[in-house]
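J.: Dumping the structure here so I can ask a few things about it.
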Amino acid sequence: VDLMWEQKFGTLVPNFQVGYVNHNNWKGVKDNDISGWLVQGQLLYDQNVWIGKPAFVVRYARTDYDKMYYGRDGTLTTWGVGINYFIKGPENRISLAVDVVDPDGDIQKLAKEHGTNIKGSWTDITLSIYYNF
C-alpha cells in the first residue's frame with residue numbers, strides 16, 4: 001500500500017507519504033515473513049533560490065522481521081531528515097540526508113554471532129546527485 005498527498009498553498013507545497021509492505025514466506029521460505037512501514041513528509045518552497053527549489057524532508061521507516069534471520073525475529077527502525085534541492089523537476093536534484101538506524105537487540109546479537117559487531121544505533125549521511133539527460 002502506498003498513499004501520497006500533495007497540495008500547493010501559495011509558495012509552499014507540503015507532501016505526505018505513507019507506505020506499508022508485507023511479505024509472507026519471503027523468498028519461498030516458510031514462516032520467513034517481513035513487513036515494513038514508511039512515513040515521510042516534505043515541505044517544498046516553490047520559488048527558485050539561486051537555480052533550484054529547496055525542500056525539507058523528514059521520514060520514519062520500520063522493518064519487522066519474523067523468523068527471517070536464522071529463526072529469529074528482529075526490528076530495524078530508521079529516523080531521517082534531509083534537504084532536496086530540485087534543479088529541474090524531481091529528476092534533476094541534489095539531496096543531502098542524515099539517517100539514524102536503530103537495530104533491536106536480536107539483530108545486534110545475531111550480527112555478533114556471525115562476526116559483525118553492531119553496538120547500538122548508527123548514523124548514515126548520504127549526498128546524492130540525480131541527473132537525467
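Every chain in the C-alpha cells takes a letter, A first, then B, and so on in the order presented; its residues are numbered from 1, and the ligands are numbered from 1 following the presented order.
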Just want the 10 Å neighbourhood of Ile34 in chain A, counted on only C-alpha atoms, with same-chain residues fewer than 6 positions away dropped. Output as a compact mmCIF listing (two decimals) with N, CA and C atoms, in the first residue's frame.

T.:
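Result written to part-v4.txt:
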```txt
# COMPACT_ATOMS: atom_id res chain seq x y z
N VAL A 21 4.30 -2.54 3.48
CA VAL A 21 4.51 -3.76 2.69
C VAL A 21 4.54 -4.95 3.64
N ASN A 22 4.02 -6.10 3.18
CA ASN A 22 4.01 -7.32 3.97
C ASN A 22 4.29 -8.50 3.05
N HIS A 23 5.38 -9.20 3.31
CA HIS A 23 5.73 -10.40 2.54
C HIS A 23 5.63 -11.61 3.46
N ASN A 24 4.76 -12.53 3.13
CA ASN A 24 4.67 -13.79 3.86
C ASN A 24 5.50 -14.84 3.12
N ASN A 25 6.20 -15.68 3.88
CA ASN A 25 7.04 -16.72 3.30
C ASN A 25 7.99 -16.12 2.25
N TRP A 26 8.69 -15.06 2.66
CA TRP A 26 9.57 -14.32 1.77
C TRP A 26 10.63 -15.23 1.17
N THR A 63 11.15 -1.78 9.84
CA THR A 63 11.07 -3.10 9.22
C THR A 63 11.03 -4.15 10.32
N ASP A 64 10.05 -5.02 10.26
CA ASP A 64 9.90 -6.12 11.23
C ASP A 64 10.17 -7.43 10.52
N TYR A 65 11.13 -8.18 11.06
CA TYR A 65 11.49 -9.49 10.53
C TYR A 65 10.91 -10.55 11.46
N ASP A 66 10.21 -11.53 10.89
CA ASP A 66 9.64 -12.62 11.67
C ASP A 66 10.32 -13.91 11.25
N LYS A 67 11.22 -14.40 12.07
CA LYS A 67 11.96 -15.63 11.81
C LYS A 67 12.86 -15.53 10.58
N MET A 68 13.20 -14.30 10.17
CA MET A 68 13.97 -14.15 8.95
C MET A 68 15.43 -14.53 9.13
N ASP A 73 13.41 -13.26 15.29
CA ASP A 73 12.70 -12.05 14.93
C ASP A 73 13.64 -10.86 15.08
N GLY A 74 13.26 -9.74 14.50
CA GLY A 74 14.08 -8.55 14.64
C GLY A 74 13.35 -7.33 14.11
N THR A 75 13.78 -6.15 14.56
CA THR A 75 13.20 -4.89 14.12
C THR A 75 14.31 -3.90 13.83
```

J.: Please run DSSP on the backbone and report, as a count of residues only, all residues within chain A that come out as strand (DSSP E or B).

T.: 85

J.: To one decimal place in Å, what is the distance between CA of Gln42 in chain A and CA of Val13 in chain A?

T.: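 Going from CA of Gln42 in chain A over to CA of Val13 in chain A, I get 8.1 Å.
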
J.: Determine, counting only C-alpha atoms, which protein, DNA and RNA residues have an atom within 7 Å of an atom of range 57-60 of chain A; residues of the same chain fewer than 4 positions away are not included. Present the result as a ChimeraX atom specification.

T.: /A:38-43,78-83

J.: Could the residues in this selection be saved with all heavy atoms as a PDB file, in the first residue's frame?

T.:
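Output file again_29.pdb is given in full below:
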```pdb
ATOM      1  N   LEU A  38       6.735   2.999   6.051  1.00  0.00           N
ATOM      2  CA  LEU A  38       7.459   4.218   5.728  1.00  0.00           C
ATOM      3  C   LEU A  38       6.486   5.374   5.855  1.00  0.00           C
ATOM      4  O   LEU A  38       5.400   5.346   5.275  1.00  0.00           O
ATOM      5  CB  LEU A  38       8.022   4.191   4.300  1.00  0.00           C
ATOM      6  CG  LEU A  38       8.606   5.513   3.795  1.00  0.00           C
ATOM      7  CD1 LEU A  38       9.890   5.842   4.547  1.00  0.00           C
ATOM      8  CD2 LEU A  38       8.849   5.480   2.307  1.00  0.00           C
ATOM      9  N   VAL A  39       6.858   6.374   6.642  1.00  0.00           N
ATOM     10  CA  VAL A  39       6.073   7.602   6.767  1.00  0.00           C
ATOM     11  C   VAL A  39       7.040   8.734   6.466  1.00  0.00           C
ATOM     12  O   VAL A  39       8.105   8.821   7.081  1.00  0.00           O
ATOM     13  CB  VAL A  39       5.476   7.758   8.188  1.00  0.00           C
ATOM     14  CG1 VAL A  39       4.691   9.052   8.295  1.00  0.00           C
ATOM     15  CG2 VAL A  39       4.617   6.559   8.538  1.00  0.00           C
ATOM     16  N   GLN A  40       6.669   9.566   5.505  1.00  0.00           N
ATOM     17  CA  GLN A  40       7.584  10.613   5.062  1.00  0.00           C
ATOM     18  C   GLN A  40       6.816  11.884   4.748  1.00  0.00           C
ATOM     19  O   GLN A  40       5.715  11.836   4.220  1.00  0.00           O
ATOM     20  CB  GLN A  40       8.315  10.136   3.811  1.00  0.00           C
ATOM     21  CG  GLN A  40       9.250  11.135   3.188  1.00  0.00           C
ATOM     22  CD  GLN A  40      10.069  10.509   2.089  1.00  0.00           C
ATOM     23  OE1 GLN A  40      10.968   9.743   2.379  1.00  0.00           O
ATOM     24  NE2 GLN A  40       9.766  10.830   0.843  1.00  0.00           N
ATOM     25  N   GLY A  41       7.412  13.015   5.069  1.00  0.00           N
ATOM     26  CA  GLY A  41       6.821  14.303   4.735  1.00  0.00           C
ATOM     27  C   GLY A  41       7.866  15.230   4.146  1.00  0.00           C
ATOM     28  O   GLY A  41       9.048  15.143   4.482  1.00  0.00           O
ATOM     29  N   GLN A  42       7.418  16.096   3.258  1.00  0.00           N
ATOM     30  CA  GLN A  42       8.320  17.061   2.629  1.00  0.00           C
ATOM     31  C   GLN A  42       7.612  18.404   2.533  1.00  0.00           C
ATOM     32  O   GLN A  42       6.417  18.466   2.293  1.00  0.00           O
ATOM     33  CB  GLN A  42       8.712  16.588   1.228  1.00  0.00           C
ATOM     34  CG  GLN A  42       9.539  17.604   0.460  1.00  0.00           C
ATOM     35  CD  GLN A  42       9.934  17.108  -0.911  1.00  0.00           C
ATOM     36  OE1 GLN A  42      10.947  16.470  -1.047  1.00  0.00           O
ATOM     37  NE2 GLN A  42       9.115  17.405  -1.919  1.00  0.00           N
ATOM     38  N   LEU A  43       8.366  19.475   2.709  1.00  0.00           N
ATOM     39  CA  LEU A  43       7.838  20.825   2.529  1.00  0.00           C
ATOM     40  C   LEU A  43       8.722  21.528   1.511  1.00  0.00           C
ATOM     41  O   LEU A  43       9.897  21.803   1.773  1.00  0.00           O
ATOM     42  CB  LEU A  43       7.824  21.589   3.860  1.00  0.00           C
ATOM     43  CG  LEU A  43       7.177  22.968   3.815  1.00  0.00           C
ATOM     44  CD1 LEU A  43       5.718  22.869   3.386  1.00  0.00           C
ATOM     45  CD2 LEU A  43       7.270  23.633   5.172  1.00  0.00           C
ATOM     46  N   THR A  78      14.436   3.373  11.454  1.00  0.00           N
ATOM     47  CA  THR A  78      15.242   4.456  10.897  1.00  0.00           C
ATOM     48  C   THR A  78      14.475   5.769  10.988  1.00  0.00           C
ATOM     49  O   THR A  78      13.313   5.841  10.596  1.00  0.00           O
ATOM     50  CB  THR A  78      15.596   4.186   9.420  1.00  0.00           C
ATOM     51  OG1 THR A  78      16.241   2.926   9.321  1.00  0.00           O
ATOM     52  CG2 THR A  78      16.489   5.267   8.863  1.00  0.00           C
ATOM     53  N   TRP A  79      15.149   6.797  11.518  1.00  0.00           N
ATOM     54  CA  TRP A  79      14.634   8.168  11.533  1.00  0.00           C
ATOM     55  C   TRP A  79      15.554   9.003  10.659  1.00  0.00           C
ATOM     56  O   TRP A  79      16.776   8.843  10.739  1.00  0.00           O
ATOM     57  CB  TRP A  79      14.649   8.753  12.945  1.00  0.00           C
ATOM     58  CG  TRP A  79      13.632   8.153  13.846  1.00  0.00           C
ATOM     59  CD1 TRP A  79      13.806   7.099  14.698  1.00  0.00           C
ATOM     60  CD2 TRP A  79      12.280   8.550  14.006  1.00  0.00           C
ATOM     61  NE1 TRP A  79      12.649   6.821  15.363  1.00  0.00           N
ATOM     62  CE2 TRP A  79      11.686   7.713  14.956  1.00  0.00           C
ATOM     63  CE3 TRP A  79      11.502   9.549  13.417  1.00  0.00           C
ATOM     64  CZ2 TRP A  79      10.365   7.825  15.341  1.00  0.00           C
ATOM     65  CZ3 TRP A  79      10.175   9.666  13.806  1.00  0.00           C
ATOM     66  CH2 TRP A  79       9.628   8.814  14.758  1.00  0.00           C
ATOM     67  N   GLY A  80      14.998   9.896   9.847  1.00  0.00           N
ATOM     68  CA  GLY A  80      15.862  10.683   8.991  1.00  0.00           C
ATOM     69  C   GLY A  80      15.329  12.070   8.698  1.00  0.00           C
ATOM     70  O   GLY A  80      14.125  12.337   8.788  1.00  0.00           O
ATOM     71  N   VAL A  81      16.256  12.961   8.360  1.00  0.00           N
ATOM     72  CA  VAL A  81      15.932  14.300   7.882  1.00  0.00           C
ATOM     73  C   VAL A  81      16.790  14.552   6.649  1.00  0.00           C
ATOM     74  O   VAL A  81      17.850  13.936   6.476  1.00  0.00           O
ATOM     75  CB  VAL A  81      16.192  15.401   8.943  1.00  0.00           C
ATOM     76  CG1 VAL A  81      15.275  15.236  10.136  1.00  0.00           C
ATOM     77  CG2 VAL A  81      17.635  15.424   9.375  1.00  0.00           C
ATOM     78  N   GLY A  82      16.334  15.458   5.812  1.00  0.00           N
ATOM     79  CA  GLY A  82      17.107  15.732   4.615  1.00  0.00           C
ATOM     80  C   GLY A  82      16.685  17.020   3.949  1.00  0.00           C
ATOM     81  O   GLY A  82      15.670  17.630   4.300  1.00  0.00           O
ATOM     82  N   ILE A  83      17.489  17.397   2.980  1.00  0.00           N
ATOM     83  CA  ILE A  83      17.208  18.564   2.153  1.00  0.00           C
ATOM     84  C   ILE A  83      17.314  18.127   0.699  1.00  0.00           C
ATOM     85  O   ILE A  83      18.299  17.502   0.297  1.00  0.00           O
ATOM     86  CB  ILE A  83      18.210  19.700   2.424  1.00  0.00           C
ATOM     87  CG1 ILE A  83      18.089  20.178   3.868  1.00  0.00           C
ATOM     88  CG2 ILE A  83      17.987  20.857   1.460  1.00  0.00           C
ATOM     89  CD1 ILE A  83      19.167  21.151   4.281  1.00  0.00           C
TER      90      ILE A  83
END
```

J.: Set the distance at 9 Å and use only C-alpha atoms: which residues neighbour Gly89 in chain A once local chain neighbours fewer than 3 positions away are removed? I'd like the list as a PyMOL selection string.

T.: chain A and resi 52-53+86+92-93

J.: Given the choices A:Gln7, A:Asp2, A:Asp99, A:Asp46, which gets closest to Thr126 in chain A if the distance is worked out from only C-alpha atoms?

T.: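 The closest residue to Thr126 in chain A is A:Asp99.
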
J.: Quick one: residues within 12 Å of Phe133 in chain A, only C-alpha atoms counted, chain neighbours fewer than 2 positions away excluded, as a PDB file with N, CA and C atoms, in the first residue's frame?

T.:
```
ATOM      1  N   LYS A  88      15.740  20.900 -11.807  1.00  0.00           N
ATOM      2  CA  LYS A  88      14.811  20.850 -12.930  1.00  0.00           C
ATOM      3  C   LYS A  88      13.884  19.667 -12.721  1.00  0.00           C
ATOM      4  N   GLU A  91      13.564  14.835 -11.318  1.00  0.00           N
ATOM      5  CA  GLU A  91      14.585  14.005 -11.958  1.00  0.00           C
ATOM      6  C   GLU A  91      15.986  14.590 -11.826  1.00  0.00           C
ATOM      7  N   ASN A  92      16.107  15.885 -11.617  1.00  0.00           N
ATOM      8  CA  ASN A  92      17.404  16.557 -11.548  1.00  0.00           C
ATOM      9  C   ASN A  92      17.491  17.311 -10.225  1.00  0.00           C
ATOM     10  N   TYR A 130      21.164  13.498  -8.671  1.00  0.00           N
ATOM     11  CA  TYR A 130      20.349  12.861  -9.695  1.00  0.00           C
ATOM     12  C   TYR A 130      20.357  13.755 -10.919  1.00  0.00           C
ATOM     13  N   TYR A 131      20.713  13.201 -12.063  1.00  0.00           N
ATOM     14  CA  TYR A 131      20.739  13.981 -13.290  1.00  0.00           C
ATOM     15  C   TYR A 131      20.241  13.116 -14.435  1.00  0.00           C
TER      16      TYR A 131
END
```

J.: Restricting the calculation to only C-alpha atoms, which member of A:Gln108, A:Asn84, A:Ser95, A:Asn132 is positioned closest to Phe56 in chain A?

T.: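 The shortest atom-to-atom distance to Phe56 in chain A comes from A:Asn84.
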